[in-house]
Amino acid sequence: MSVEVTDNAKMELLKTLERLSLEEGQYLRLTTPPSWTGPGDFGIVLDTEQDFDTKIEFNEQIVLLINEQLLTQYEKVIFDFKETPDGLSFALDIY
């Protein structure tokens, strides 16, 4: 299993973190149902670091957590920020 988070996604996550006032130990987490209950197949929530998390860093800052269990479900995952039919947004491509 491999996960790729593109530089575009990392830059957008960093911008999001700069807009938020997170408490110490809070991070953005990529999640899917049943943890994600919003629209779509995935979402980003605020959470704390857990055992077995993969930490995605950009400019020496953690910009995203991904639980290892999510990663083991798929052969390859690419998390991107790109043009979609709904405009610019995060996209999760699963292979």
# chains A, B, ... in the order shown; residues from 1 in each chain; ligands from 1

call {"tool": "closest_atom_pairs", "arguments": {"of": "range 30-49 of chain A", "to": "range 84-94 of chain A", "cutoff": "10 Å", "atoms": "only C-alpha atoms", "output": "CSV"}}
result
residue,atom,partner,partner_atom,distance
A:Leu30,CA,A:Leu92,CA,9.7
A:Asp41,CA,A:Leu92,CA,8.5
A:Phe42,CA,A:Leu92,CA,7.6
A:Gly43,CA,A:Phe90,CA,8.9
A:Ile44,CA,A:Phe90,CA,9.5

call {"tool": "select_by_dssp", "arguments": {"residues": "chain A", "states": "strand (DSSP E)", "output": "PyMOL selection string"}}
result
chain A and resi 2-5+26-31+43-48+53-58+61-67+76-84+87-94

call {"tool": "write_last_selection", "arguments": {"atoms": "C-alpha atoms", "output": "mmCIF file, in the first residue's frame"}}
result
data_model
loop_
_atom_site.group_PDB
_atom_site.id
_atom_site.type_symbol
_atom_site.label_atom_id
_atom_site.label_comp_id
_atom_site.auth_asym_id
_atom_site.auth_seq_id
_atom_site.Cartn_x
_atom_site.Cartn_y
_atom_site.Cartn_z
ATOM 1 C CA SER A 2 1.246 3.440 -0.811
ATOM 2 C CA VAL A 3 -0.127 6.904 -0.250
ATOM 3 C CA GLU A 4 0.855 9.996 -2.170
ATOM 4 C CA VAL A 5 -0.155 13.463 -1.068
ATOM 5 C CA GLN A 26 -4.853 19.008 17.101
ATOM 6 C CA TYR A 27 -4.326 18.108 13.449
ATOM 7 C CA LEU A 28 -6.231 17.670 10.209
ATOM 8 C CA ARG A 29 -7.125 14.038 9.510
ATOM 9 C CA LEU A 30 -8.177 12.386 6.255
ATOM 10 C CA THR A 31 -11.048 10.022 7.018
ATOM 11 C CA GLY A 43 -13.496 14.246 4.434
ATOM 12 C CA ILE A 44 -11.051 16.118 6.600
ATOM 13 C CA VAL A 45 -11.737 16.446 10.311
ATOM 14 C CA LEU A 46 -9.924 17.844 13.335
ATOM 15 C CA ASP A 47 -8.418 15.132 15.503
ATOM 16 C CA THR A 48 -5.493 14.235 17.714
ATOM 17 C CA ASP A 53 -1.002 7.285 12.030
ATOM 18 C CA THR A 54 0.968 8.237 8.960
ATOM 19 C CA LYS A 55 2.052 11.872 9.300
ATOM 20 C CA ILE A 56 2.184 13.966 6.151
ATOM 21 C CA GLU A 57 4.546 16.926 6.532
ATOM 22 C CA PHE A 58 5.123 20.060 4.506
ATOM 23 C CA GLN A 61 4.943 20.956 9.789
ATOM 24 C CA ILE A 62 2.423 18.111 10.070
ATOM 25 C CA VAL A 63 -0.357 19.035 7.645
ATOM 26 C CA LEU A 64 -2.342 15.778 7.644
ATOM 27 C CA LEU A 65 -2.793 12.535 9.558
ATOM 28 C CA ILE A 66 -3.915 9.335 7.852
ATOM 29 C CA ASN A 67 -4.710 6.218 9.864
ATOM 30 C CA LYS A 76 -2.536 2.995 -3.910
ATOM 31 C CA VAL A 77 -4.087 6.270 -2.724
ATOM 32 C CA ILE A 78 -3.405 9.724 -4.180
ATOM 33 C CA PHE A 79 -4.711 12.738 -2.256
ATOM 34 C CA ASP A 80 -4.688 15.872 -4.400
ATOM 35 C CA PHE A 81 -6.087 19.401 -4.657
ATOM 36 C CA LYS A 82 -7.164 19.903 -8.242
ATOM 37 C CA GLU A 83 -9.781 21.076 -10.686
ATOM 38 C CA THR A 84 -12.916 18.919 -10.463
ATOM 39 C CA GLY A 87 -14.274 23.567 -9.127
ATOM 40 C CA LEU A 88 -11.024 23.379 -7.180
ATOM 41 C CA SER A 89 -11.251 20.856 -4.364
ATOM 42 C CA PHE A 90 -9.551 17.978 -2.640
ATOM 43 C CA ALA A 91 -9.727 14.675 -4.510
ATOM 44 C CA LEU A 92 -8.996 11.161 -3.312
ATOM 45 C CA ASP A 93 -8.020 8.768 -6.091
ATOM 46 C CA ILE A 94 -7.994 5.125 -5.027
#

call {"tool": "select_by_dssp", "arguments": {"residues": "chain A", "states": "alpha helix (DSSP H)", "output": "VMD selection string"}}
result
chain A and resid 7 to 19 68 to 72

call {"tool": "atom_distance", "arguments": {"atom1": "CA of Leu22 in chain A", "atom2": "CA of Gln73 in chain A"}}
result
29.4 Å

call {"tool": "closest_residue", "arguments": {"among": "A:Gly40, A:Tyr95, A:Pro33, A:Thr72", "to": "Phe52 in chain A", "atoms": "only C-alpha atoms"}}
result
A:Thr72

call {"tool": "closest_residue", "arguments": {"among": "A:Gln50, A:Leu20, A:Leu14, A:Ala9", "to": "Gln69 in chain A", "atoms": "only C-alpha atoms"}}
result
A:Gln50
